[in-house]
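Data block below; observations after.
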Amino acid sequence: MSVILQYSLWIDSVLLVIEVVVSYFLYRLFNQYFYTDKFKLIGVGISFHAVSLLLNIISYFFFTSISLNPIISTLDSLGMGFLLFGFYFMIKRLLHFSHIDHLTQTFTKRYIDRLFIEEKNSSGKRDKHFSIIFIDINHFKQVNNQLGHEGANEVLQEIAKTLQKSVRVGDKVGRYGGDEFIILLHHATEIDAELVLNRCRQSILKNDYLQLHNIDVSGGVATYPYDGKTIESLYKTADKRMYEHKKETKGNAI
């Protein structure tokens with residue numbers, strides 16, 4: 001066997017081992033964190049390529065008089081096709097996770113900030129306004145102490161679902177952090193925002209699971225451009241009004 005063939009055999013063998021190891025870790029990763037059937041395409045693609053490498057290695061020893069190149073080329077092409085589709089779906093899924101809060105399945109604050117810029121640019125062209133709502137769970141520290149970490153997470157998840165069902169079509173619910181939520185309201189005046197806030201609060205007060213734990217929320221609204229022209233200024237105004245509302249109502253004692 002020539003030096004070139006030995007070198008090629010060594011490279012193919014190393015690549016085969018690497019692909020087997022990568023396939024195993026990808027399988028574990030996808031199943032544990034963001035499994036979907038479409039990710040099987042990556043495994044299929046790697047498998048096709050691994051088989052082509054294996055045939056290439058075998059051909060060095062047993063099929064020197066028979067050309068397996070057409071079969072190997074076909075397997076490589078199929079493998080590449082499956083890999084491309086698999087990685088396309090993986091990137092699409094990862095982009096989804098990049099702007100979705102894992103616990104509540106609402107948008108992240110960073111993504112809401114990005115939507116604010118888009119809404120601001122859109123509103124400026126049409127001379128429209130929009131609003132945000134800042135929502136905070138009353139006495140959440142006590143809820144956390146009573147229910148524990150897992151129970152408190154379930155409360156957050158239920159509140160997120162309730163908020164998503166209570167807003168208008170086109171409104172975006174996000175998690176600001178901890179027990180605070182943001183709602184970005186498309187083409188909404190302060191009155192519109194107050195109506196949505198009231199509907200959200202009433203929905204929470206009518207939720208059997210949440211009322212089993214005496215959950216209530218406080219909220220504040222801010223409208224662009226009257227209450228601020230940056231996302232930070234709107235957050236500040238809405239947050240201030242939310243705490244004013246919290247002081248006025250004093251929440252519901254748990």
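Letters A, B, ... go to the chains of the structure tokens in the order shown; residues in each chain start at 1; ligands are counted from 1 in the same order.
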
Exercise. Excluding Arg110 in chain A and any residue of its chain fewer than 5 positions from it, enumerate the residues within 12 Å of it, using only C-alpha atoms, and give them as an MDAnalysis selection string.
Key: chainID A and resid 98:101 115:117 174:177 182 231

Could you list, with a cut-off of 9 Å and counting only C-alpha atoms, the residues of range 96-168 of chain A near range 233-237 of chain A, each shown with its nearest atom pair and the distance in Å rounded to one decimal, rows sorted by chain and ascending number, as a tab-separated table?
```
residue	atom	partner	partner_atom	distance
A:Ser131	CA	A:Leu234	CA	8.4
A:Ile132	CA	A:Leu234	CA	7.4
A:Ile133	CA	A:Tyr235	CA	8.5
A:Phe134	CA	A:Tyr235	CA	7.3
```
